[in-house]
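What follows is one structure encoded as structure tokens, with my remarks underneath.
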Amino acid sequence: MCYLLLREGTCTPTAVPAARMKLLPVAPLLLLVLTTLEARPKPAALKCRTGPLDIVFVIDSSRSVRPFEFETMRRFMIDIIGNLDVGPNATRVGVIQYSSQVQNIFSLKTFFTREDMEKAINSIVPLAQGTMTGLAIQYTMNVAFTVQEGARPPHKKIPRIAIVVTDGRPQDRVTEVATQARDAGIEIYAVGIQRADMTSLRAMASPPLEEHVFLVESFELIRQFGKQFQDKLCGVDMCVERDHGCQHSCVSTPGSFYCECNPGYQLNADRKTCSPIDACADGRHGCEHQCVSARGSYSCRCRAGYYLNQDKRTCSMIDYCSFGNHSCQHECVSIPSGHRCRCHRGFTLQPDGSSCRATDLCNGVDHGCKFKCVTSEGSYHCVCPEGQQLQADGKGCSRCGAGHVDLVMVIDGSKSVRPQNFELVKQFVNRIVDLLEVSPQGTRVGLVQYSSRVRTEFPLNKYHSADEIKEAVMKVEYMEKGTMTGLALKHMVEHSFSELEGARPLSHNVPRIGLVFTDGRSQDDISEWARRAKESGIVMFAVGVGKAVEEELRAIASEPVEQHFSYSADFTTMTHLVENFKLNICPEEGRGETEIRSPCECEALVQFQTNTVAILQSLTERIAQMTARLEALEKQIALKK
């Protein structure tokens, strides 16, 4: 195979082995037709222009890219854009940078002038972290090339081009996601600089690889690419050469053209003339209350008692209480017609509509508490002496029950789990349920699934028997997409363990247990809500498999951390928890400083832990076998490519 070795001041074809890493395959890049910086535009008899194309630059800004090298990449993008025919009906350009995360600089719909694009590119601040190239390609496919972000619809056949520029070896897998991107119609050019890995570049790029893979010896040489691709972007503008007859605007495509209408108009059946549309009638206006149509446009309007927000679509109720003239003793509540007063819990609104009066409910009702009645704001509850547990009737007291807990399981439904493993996770949930005494007075179980969003599959008070719960678990649908573990923890703390969703009051001494199951790195911060969960009295267990991050699992787990998390593909690290569990949670007296906890709570936690570990061990072999089979299949696919 023939490669092009790019060195400073030379560009000479040389037949050398493909293993040489400072080589550049000779091929025209469909996208980058530019002359070198020394060249100047010359008059031409042919009308030569680019596009229309949808182009997204995917730029590596990892810590290995030094500041002056990033400036070269910055100028590289600006030089290319300077020679493109950019505009809403011509070539559209987007830029993203990546390291350990992906940052959108501007999308395909953001700018339509070179000046605005250049200003945004000059404002880029490198991320200077890792090199997650696979994550960047996934973002390019799932976000950057969507119609919502400015990409033209597929039926318009506008080429979608992604230019990946990197100087290192990816720290994640790129083969599978690059294949998905190419299958989605994205043409990928892989430009490697200096230390880039040729195998990874070939795994990313579109075929034929000789025309889509480039390896450059230095950052300085990257700006010499333009002269190699001039012929590819030079074509006849069909809108200029032909009498197109478009009423508003003509869009040229290779060998043809089509007509487009201005915003607020629609193309008629003749595909040339345009008519104004009723923007309210198409149902896409997004107005929360009312849509008011105008010629070629629309505006949103709110009902009485509301005002239009800055997004010009949604409405918010007018805060009449903020005017300061309500005279409410406790709280003022705004309503569309004005305001009303509300008292704190434990108080009653008086006939004047503004003042409040408190009542000791324990003295005013037949509470029936066997030990003691405690008045709280607007209510009351019974309590028991230390070492005894409130019975199901909420009044009597008894010794510890048989391991009754409020258990919420938070399972990872992200794309990386895969459907086969997600079915095993559901079996894991049901095996736990089989060993619990599920009833309204015994153990209550809730289930939450998360990916890029969070969904309560069922709350603690939804089902009252193990059979009902197991049936509901098997109907849970796999969510896929991202891994927002922090958002899931927030949902668990704020909603799942609320009394509204079935959690028993803290005064009942029923342990609250949260079990988080994940297989990968969270895409958001988990530290704050992991801390809040433990501070609110929830005993947290973290189970990680596959690519789960040990640091995140430790942040989720309760103290002692070593006995509340497992980080293994086959869960073998959890086998030691049972024998040490009671010693650490319920230490005997006389052993120095100990944590004093309710005997009922300790007994319940020990039984829950014993049952859980038994289930995890029984699933060890099945999950390990499934993981091994999937990894072998991925290797076979990679070798075939």
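Residues in the structure tokens are numbered from 1 in each chain, the chains being A, B, ... in the order shown, and ligands are numbered from 1 in the order shown.
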
Report the residues of segment 118-365 of chain A whose backbone DSSP state falls under strand (DSSP E or B), written as JSON, numbers by chain.
-> {"A": [160, 161, 162, 163, 164, 165, 166, 186, 187, 188, 189, 190, 191, 192, 193, 213, 214, 215, 216, 235, 249, 250, 251, 252, 253, 256, 257, 258, 259, 260, 265, 266, 267, 274, 275, 276, 290, 291, 292, 293, 294, 297, 298, 299, 300, 301, 306, 307, 308, 315, 316, 317, 331, 332, 333, 334, 335, 338, 339, 340, 341, 342, 347, 348, 349, 356, 357, 358]}

May I have the residues from that selection written out with C-alpha atoms, as a PDB file, in the first residue's frame?
```pdb
ATOM      1  CA  ARG A 160     -23.094  14.527   6.876  1.00  0.00           C
ATOM      2  CA  ILE A 161     -19.347  14.768   7.505  1.00  0.00           C
ATOM      3  CA  ALA A 162     -17.518  14.295  10.830  1.00  0.00           C
ATOM      4  CA  ILE A 163     -13.816  15.235  11.028  1.00  0.00           C
ATOM      5  CA  VAL A 164     -12.161  13.659  14.089  1.00  0.00           C
ATOM      6  CA  VAL A 165      -8.763  15.231  14.927  1.00  0.00           C
ATOM      7  CA  THR A 166      -6.805  13.492  17.728  1.00  0.00           C
ATOM      8  CA  ILE A 186     -22.224   9.882   8.835  1.00  0.00           C
ATOM      9  CA  GLU A 187     -19.011   9.933   6.806  1.00  0.00           C
ATOM     10  CA  ILE A 188     -16.073   9.946   9.238  1.00  0.00           C
ATOM     11  CA  TYR A 189     -12.585  11.265   8.489  1.00  0.00           C
ATOM     12  CA  ALA A 190      -9.955  10.335  11.108  1.00  0.00           C
ATOM     13  CA  VAL A 191      -6.993  12.729  11.305  1.00  0.00           C
ATOM     14  CA  GLY A 192      -4.253  11.567  13.673  1.00  0.00           C
ATOM     15  CA  ILE A 193      -1.349  13.744  14.756  1.00  0.00           C
ATOM     16  CA  VAL A 213      -7.482   7.984   7.419  1.00  0.00           C
ATOM     17  CA  PHE A 214      -4.678  10.539   7.857  1.00  0.00           C
ATOM     18  CA  LEU A 215      -1.662  10.406  10.165  1.00  0.00           C
ATOM     19  CA  VAL A 216       0.417  13.594  10.312  1.00  0.00           C
ATOM     20  CA  GLY A 235     -18.569  21.607  -8.621  1.00  0.00           C
ATOM     21  CA  SER A 249     -34.451  30.108  -2.489  1.00  0.00           C
ATOM     22  CA  CYS A 250     -32.668  27.393  -4.451  1.00  0.00           C
ATOM     23  CA  VAL A 251     -30.394  24.778  -2.816  1.00  0.00           C
ATOM     24  CA  SER A 252     -27.780  23.145  -5.034  1.00  0.00           C
ATOM     25  CA  THR A 253     -26.894  19.477  -4.597  1.00  0.00           C
ATOM     26  CA  SER A 256     -29.288  18.657  -9.064  1.00  0.00           C
ATOM     27  CA  PHE A 257     -31.127  21.239  -6.926  1.00  0.00           C
ATOM     28  CA  TYR A 258     -34.294  21.723  -4.868  1.00  0.00           C
ATOM     29  CA  CYS A 259     -36.373  24.691  -3.718  1.00  0.00           C
ATOM     30  CA  GLU A 260     -36.786  25.909  -0.150  1.00  0.00           C
ATOM     31  CA  TYR A 265     -43.826  29.446   4.500  1.00  0.00           C
ATOM     32  CA  GLN A 266     -44.378  25.980   3.047  1.00  0.00           C
ATOM     33  CA  LEU A 267     -43.518  24.550  -0.356  1.00  0.00           C
ATOM     34  CA  CYS A 274     -44.360  28.962  -1.432  1.00  0.00           C
ATOM     35  CA  SER A 275     -47.423  29.760   0.673  1.00  0.00           C
ATOM     36  CA  PRO A 276     -47.592  31.237   4.204  1.00  0.00           C
ATOM     37  CA  GLN A 290     -52.457  30.183  23.674  1.00  0.00           C
ATOM     38  CA  CYS A 291     -50.886  30.567  20.216  1.00  0.00           C
ATOM     39  CA  VAL A 292     -51.576  33.726  18.189  1.00  0.00           C
ATOM     40  CA  SER A 293     -50.809  33.309  14.486  1.00  0.00           C
ATOM     41  CA  ALA A 294     -49.432  36.071  12.259  1.00  0.00           C
ATOM     42  CA  SER A 297     -44.971  33.650  12.214  1.00  0.00           C
ATOM     43  CA  TYR A 298     -46.700  33.320  15.585  1.00  0.00           C
ATOM     44  CA  SER A 299     -46.511  34.461  19.194  1.00  0.00           C
ATOM     45  CA  CYS A 300     -47.533  32.891  22.492  1.00  0.00           C
ATOM     46  CA  ARG A 301     -49.929  34.432  24.977  1.00  0.00           C
ATOM     47  CA  TYR A 306     -50.048  34.401  34.247  1.00  0.00           C
ATOM     48  CA  TYR A 307     -47.109  36.052  32.475  1.00  0.00           C
ATOM     49  CA  LEU A 308     -44.971  34.900  29.533  1.00  0.00           C
ATOM     50  CA  CYS A 315     -46.211  30.719  31.310  1.00  0.00           C
ATOM     51  CA  SER A 316     -45.756  31.285  35.038  1.00  0.00           C
ATOM     52  CA  MET A 317     -48.393  32.329  37.504  1.00  0.00           C
ATOM     53  CA  GLU A 331     -47.880  31.720  54.466  1.00  0.00           C
ATOM     54  CA  CYS A 332     -49.251  33.422  51.388  1.00  0.00           C
ATOM     55  CA  VAL A 333     -50.191  31.243  48.396  1.00  0.00           C
ATOM     56  CA  SER A 334     -50.598  32.822  44.965  1.00  0.00           C
ATOM     57  CA  ILE A 335     -53.496  31.655  42.782  1.00  0.00           C
ATOM     58  CA  GLY A 338     -55.049  36.658  43.445  1.00  0.00           C
ATOM     59  CA  HIS A 339     -53.851  35.015  46.671  1.00  0.00           C
ATOM     60  CA  ARG A 340     -54.978  33.102  49.769  1.00  0.00           C
ATOM     61  CA  CYS A 341     -53.472  32.513  53.213  1.00  0.00           C
ATOM     62  CA  ARG A 342     -52.254  29.167  54.552  1.00  0.00           C
ATOM     63  CA  PHE A 347     -52.385  25.412  62.906  1.00  0.00           C
ATOM     64  CA  THR A 348     -55.864  26.305  61.691  1.00  0.00           C
ATOM     65  CA  LEU A 349     -56.817  29.298  59.527  1.00  0.00           C
ATOM     66  CA  CYS A 356     -53.692  31.129  62.458  1.00  0.00           C
ATOM     67  CA  ARG A 357     -54.187  29.302  65.761  1.00  0.00           C
ATOM     68  CA  ALA A 358     -52.311  26.222  67.034  1.00  0.00           C
TER      69      ALA A 358
END
```

Pick out each residue of segment 374-503 of chain A that DSSP on the backbone tags as helix (DSSP H, G or I); I need them as a ChimeraX atom specification.
-> /A:415-417,419-434,466-474,485-496,499-501

Restricting it to C-alpha atoms, dump the selection as a CSV table (one decimal), in the first residue's frame.
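Below is the file that was written, result_25.csv:
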```
chain,number,residue,atom,x,y,z
A,415,LYS,CA,-27.2,1.3,27.1
A,416,SER,CA,-24.0,-0.3,28.3
A,417,VAL,CA,-25.9,-2.8,30.4
A,419,PRO,CA,-30.7,-6.3,27.1
A,420,GLN,CA,-29.4,-9.7,28.2
A,421,ASN,CA,-27.7,-8.5,31.3
A,422,PHE,CA,-30.8,-6.3,32.1
A,423,GLU,CA,-32.9,-9.4,32.2
A,424,LEU,CA,-30.4,-10.9,34.7
A,425,VAL,CA,-30.7,-7.7,36.8
A,426,LYS,CA,-34.5,-8.2,36.9
A,427,GLN,CA,-34.0,-11.8,38.0
A,428,PHE,CA,-31.6,-10.5,40.7
A,429,VAL,CA,-34.3,-8.2,42.0
A,430,ASN,CA,-36.9,-11.0,42.1
A,431,ARG,CA,-34.5,-13.4,43.9
A,432,ILE,CA,-34.2,-10.7,46.7
A,433,VAL,CA,-38.0,-10.3,46.8
A,434,ASP,CA,-38.4,-14.1,47.2
A,466,ALA,CA,-44.0,-10.7,46.7
A,467,ASP,CA,-46.0,-12.1,43.7
A,468,GLU,CA,-47.3,-8.7,42.8
A,469,ILE,CA,-43.8,-7.2,42.9
A,470,LYS,CA,-42.2,-10.0,40.9
A,471,GLU,CA,-44.8,-9.7,38.2
A,472,ALA,CA,-44.3,-5.9,38.0
A,473,VAL,CA,-40.5,-6.4,37.8
A,474,MET,CA,-40.7,-8.7,34.8
A,485,THR,CA,-26.4,8.0,38.7
A,486,GLY,CA,-26.4,11.3,40.6
A,487,LEU,CA,-29.8,12.2,39.2
A,488,ALA,CA,-31.1,8.8,40.3
A,489,LEU,CA,-29.8,9.3,43.9
A,490,LYS,CA,-31.5,12.7,44.0
A,491,HIS,CA,-34.8,11.1,43.0
A,492,MET,CA,-34.4,8.3,45.6
A,493,VAL,CA,-33.8,10.8,48.4
A,494,GLU,CA,-36.5,13.3,47.5
A,495,HIS,CA,-39.2,10.9,46.3
A,496,SER,CA,-38.7,7.2,46.9
A,499,GLU,CA,-44.0,9.0,53.2
A,500,LEU,CA,-46.1,10.0,50.2
A,501,GLU,CA,-44.6,7.0,48.3
```

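Residue neighbourhood of Gly502 of chain A, excluding near-sequence residues (fewer than 2 positions): Asp406, Arg444, Gly446, Pro459, Leu460, Asn461, Lys462, Ser496, Phe497, Ser498, Glu499, Leu500 and Arg504 of chain A, at 9 Å, using only C-alpha atoms.
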
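The smallest atom-to-atom distance between Val445 of chain A and any of A:Met540, A:Leu515, A:Val143, A:Cys382, using only C-alpha atoms, is found for A:Leu515.
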
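The coordinates place atom CA of Ser527 of chain A at 15.3 Å from atom CA of Ala548 of chain A.
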
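Proximity of A:Leu639, A:Ile158, A:Ala555, A:Ile526 to Ala203 of chain A, computed with only C-alpha atoms, is greatest for A:Leu639.
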
Contacts of Lys534 of chain A at 9 Å or less, counting only C-alpha atoms, minus same-chain residues fewer than 4 places along, as an MDAnalysis selection string?
-> chainID A and resid 529:530 538:540 556:558

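Computed from the coordinates, the atom CA of Gln523 of chain A to atom CA of Asp60 of chain A distance equals 18.9 Å.
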
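When the distance limit is 12 Å and only C-alpha atoms are what count, the residues near Arg66 of chain A, minus those fewer than 6 positions from it on the same chain, are Asp60, Thr72, Met73, Pro126, Leu127, Ala128, Gln129, Asp167 and Phe219 of chain A.
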
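One finds atom CA of Ile411 of chain A at 14.4 Å from atom CA of Lys475 of chain A.
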